[in-house]
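The next block holds one structure in the form of C-alpha cells; read it before the comments.
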Amino acid sequence: MNPFFALLLRDIRLAVRAGGGAALALAFFACVVTLVPLGVGADMRLLARVAGGVLWVAAVLAALLALDRLFQADYEDGSLDLIVLSPLSLEVTALAKTAAHWLATGLPLTVLSALLAVLFDLSLKATGALVLSLLIGTPAVSAIGAVGAALTLSIRRGGLILPLIVLPLLAPAVIFGSGAVLAVQDGLANGALYFLAAFSLVSVVLSPFAAAASVRLNLAS
Amino acid sequence: MNLALEVRGLTCIRGQRALFRDLSFSLAAGRALALQGPNGAGKTSLLRLLAGFLRPAGGTICLRTDGAEVADAEERGKFIGWLAHQDAVKQQLGVREQLAFFTQLYGSGRDPEEAMRTFGLMPLAELPGQYLSAGQKRRLALARLQLSARPLWLLDEPLAALDSAGKKLVAETVTTHCASGGMVLAATHEDLGVECETLRLGAAR
C-alpha cells in the first residue's frame, strides 16, 4: 500500500476505535439536533424553516469535536516526528489527515442528517438539498479545521482555542449550506450549492499548504 | 551508498539561552558516536537540529551521499531513522498493526515479522499499545527504527527502560547497522556497549 493510503487508513482506524472521537461527534450531533425541536416546540412550519441552519451549525460543531486531536495526538506521543521524516511531504500528510477526518466524521454526519431531518418535517426535496449541501460542504469543514488543528497542536487544551480560529472561517459554508435548503423550500434557483462547492474546493486545495506550514512552525519552536 | 556527516560551527539557542556554540564534529559511514553531557546540555536539541526539526542559530549541517551534498533540511530527513525519548506508540493499535503501518508509510519493504522476532515482540503481536510496559514500548520503537531502513540513526536515550537483554540487543543492532555502512548518533547517559567515539556537550550555562 502506498504511504498516503497507509496514513489515511491508520487515521480512520484511530478515529473509529475507542477514544478516537468519530462516534463521539456523531452522538453529539444527534443529541444537539434532537434538542432543538424539544426547545423550539412543535411548530412544524418554524422547524422546517430553521432545519437547514440547525443541522449545519450542529454538523460544524460536531466535526470540531473530533478535530483538535488531528495533529495533537501524534505530536504528544512523538508520532508526528516520525511522520514528518517519512517520504510523504507534510502537505500530503495534511491532506491524508483531512481526508481521514472527513471519511470518519463528515461523511457519517451527512448520512445521519438525512435521518434527523425527519424531526424537522423537512420535505423530501429539501432533505435532498440538505444532504447534498453537507456532502459538498463538510470537506471544507475538515480542511479548514485541519489548519486550525495544526496551528494549535502544541497548545495545551488547544481544543478550546480551535473553535475560535475555525468557526469564523466556516461562516461561508454555513451560509451557503443552509441557504441551499432554504432555496429549495422557497422554490428558488439554487445558486448556493455552486458557491458552497467553490468554497469547499478552494479550502481543500489550499488548506494542506497552510496546515503543513503550521506544523513546521510548531515543530521548530 | 557512502555517507558522511559534517557539522561545522553549530550554535543552538533555545529560549534565549545558548545551549552550545560553535560545535563542530564529523561522522563517517560505519561509525557510531555517543553524545554525552549533563541534563540540559542540549543533546536532544542537537538531535532535533540534525533531523531538521529545529533550525540552527548558526553554523551548517552537511550530509554527503557519495560526495553529493544534501543541503536541504527536509531532504536530509529522508535519510534519518529516528528514535526519540517518546516511543510514539498508539494506545489503540496492536503491535503488528503499528509496525505494518510504519513499514508502509516509509515504504522500506522490510518485513515487520522479522523485526518483531528480533526484538522479542512476537508474543505481543496482537496486543494494543496501551497494555505494553515501558520496556516493551521501547522494543517496539526499536523494531520500528530497524524497519525504517534509513542510514543515519539518531537515537535519544535508546537504553531507557530496557532490561539487560534489551540493552544487549541495542548494542547488537547498532553494531550491525554500522557494519552495513550506516551511522549512529546516540544521546545517552549509559554506556552503549559498542565501540564508539564520544562527543561531550558542556554543562548548561
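Residues are named by chain letter and number: chains run A, B, ... in the order of the C-alpha cells, numbers start at 1 in each chain, and ligands are numbered from 1 in the order shown.
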
Produce a table with one row for each residue of chain B that has an atom at most 10 Å from any atom of chain A, each row naming the nearest atom pair and its distance in Å at one decimal; use only C-alpha atoms; arrange rows by chain and rising residue number; format as a Markdown table.
```
| residue | atom | partner | partner_atom | distance |
| --- | --- | --- | --- | --- |
| B:Arg14 | CA | A:Ser221 | CA | 8.6 |
| B:Gly15 | CA | A:Ser221 | CA | 9.2 |
| B:Arg48 | CA | A:Ala220 | CA | 8.9 |
| B:Leu49 | CA | A:Ala220 | CA | 9.2 |
| B:Ala51 | CA | A:Leu85 | CA | 8.0 |
| B:Gly52 | CA | A:Ala220 | CA | 8.6 |
| B:Phe53 | CA | A:Ala220 | CA | 5.4 |
| B:Leu54 | CA | A:Ala220 | CA | 4.6 |
| B:Arg55 | CA | A:Ala220 | CA | 6.8 |
| B:Glu74 | CA | A:Leu85 | CA | 7.9 |
| B:Glu75 | CA | A:Leu85 | CA | 9.1 |
| B:Arg76 | CA | A:Leu85 | CA | 8.9 |
| B:Gly77 | CA | A:Leu85 | CA | 5.1 |
| B:Lys78 | CA | A:Leu85 | CA | 6.0 |
| B:Phe79 | CA | A:Leu85 | CA | 8.4 |
| B:Ile80 | CA | A:Leu85 | CA | 7.1 |
| B:Gly81 | CA | A:Leu85 | CA | 8.1 |
| B:Trp82 | CA | A:Leu82 | CA | 6.7 |
| B:Leu83 | CA | A:Leu82 | CA | 8.5 |
| B:Ala84 | CA | A:Gly78 | CA | 7.3 |
| B:His85 | CA | A:Gly78 | CA | 8.5 |
| B:Gln86 | CA | A:Gly78 | CA | 5.6 |
| B:Asp87 | CA | A:Gly78 | CA | 6.7 |
| B:Ala88 | CA | A:Ser79 | CA | 4.6 |
| B:Val89 | CA | A:Asp77 | CA | 6.9 |
| B:Lys90 | CA | A:Asp77 | CA | 7.8 |
| B:Gln91 | CA | A:Leu14 | CA | 9.2 |
| B:Gln92 | CA | A:Leu14 | CA | 6.8 |
| B:Leu93 | CA | A:Leu14 | CA | 7.5 |
| B:Glu97 | CA | A:Arg10 | CA | 9.0 |
| B:Gln98 | CA | A:Arg10 | CA | 8.7 |
| B:Ala100 | CA | A:Ala6 | CA | 9.1 |
| B:Phe101 | CA | A:Ala6 | CA | 6.1 |
| B:Phe102 | CA | A:Ala6 | CA | 8.3 |
| B:Thr103 | CA | A:Pro3 | CA | 8.8 |
| B:Gln104 | CA | A:Pro3 | CA | 5.6 |
| B:Leu105 | CA | A:Pro3 | CA | 4.2 |
| B:Tyr106 | CA | A:Ser86 | CA | 5.4 |
| B:Gly107 | CA | A:Pro3 | CA | 6.8 |
| B:Ser108 | CA | A:Pro87 | CA | 9.9 |
| B:Arg144 | CA | A:Leu82 | CA | 9.9 |
| B:Leu145 | CA | A:Leu82 | CA | 9.7 |
| B:Ser148 | CA | A:Ser86 | CA | 8.8 |
```

* To do: Select from stretch 92-123 of chain B everything DSSP, run on the backbone, classes as helix (DSSP H, G or I), then give the selection as a ChimeraX atom specification.
  => /B:95-106,112-118,122-123

* Who sits within 12 Å of B:Arg31, only C-alpha atoms, same chain under 6 positions skipped, as a list in words -> Asn2, Leu3, Ala4, Leu5, Pro151, Leu152, Trp153, Val174, Thr175, Thr176, His177, Cys178, Ala179, Ser180, Gly181, Gly182, Met183, Val184, Leu185, Ala186, Val194, Glu195, Cys196, Glu197 and Thr198 of chain B

* Enumerate as an MDAnalysis selection string all residues of stretch 8-203 of chain B assigned to strand (DSSP E) by DSSP on the backbone, naming them with the chain letters and numbers the document uses. => chainID B and resid 8:14 17:28 32:36 58:65 68:70 80:83 152:156 183:187 197:200

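Considering the residues A:Met44, A:Ala197, A:Leu61, A:Ile175 and counting only C-alpha atoms, A:Ala25 has its shortest atom-to-atom contact with A:Leu61.
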
* **For atom CA of A:Arg49 and atom CA of A:Leu122, the interatomic separation in Å (one decimal)** => 8.5 Å

* **Neighbour list for A:Leu201 as a list in words, cut-off 12 Å, only C-alpha atoms, skip fewer than 4 positions in-chain** =>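 Using only C-alpha atoms, the neighbours found are Ile136, Gly137, Thr138, Pro139, Ala140, Val141, Ser142, Ala143, Ile144, Ala173, Tyr194, Phe195, Leu196, Ala197, Val205, Leu206 and Ser207 of chain A.
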
* **Spatial neighbours of B:Ala160, max dist 9 Å, only C-alpha atoms, sep filter under 6 positions, as number ranges by chain** => B: 85, 134-135, 138, 167, 188

Would you export the selected residues with C-alpha atoms as a CSV table (one decimal), in the first residue's frame, please?
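Output contents, as saved in again_21.csv:
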```
chain,number,residue,atom,x,y,z
B,85,HIS,CA,12.7,9.6,24.1
B,134,ALA,CA,7.7,0.9,29.2
B,135,GLY,CA,10.4,-1.6,28.1
B,138,ARG,CA,10.9,0.8,23.7
B,167,LYS,CA,20.4,-3.3,26.2
B,188,THR,CA,22.9,8.6,26.2
```

* **Atomic distance atom CA of B:Leu33 - atom CA of B:Ala187, expressed in Å with one decimal** =>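 Separating atom CA of B:Leu33 from atom CA of B:Ala187 is a distance of 8.6 Å.
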
Skip A:Asn190 itself and residues of its chain fewer than 6 positions away, then list as a tab-separated table (two decimals) with C-alpha atoms, in the first residue's frame all residues within 8 Å of it, counting only C-alpha atoms.
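Contents of the output file result.tsv:
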```tsv
chain	number	residue	atom	x	y	z
A	180	ALA	CA	-29.28	25.80	-0.29
A	183	ALA	CA	-33.74	28.00	-1.67
A	184	VAL	CA	-35.38	24.63	-2.30
```

* What gap, in Å, lies between atom CA of A:Leu95 and atom CA of A:Leu167? -> 20.0 Å
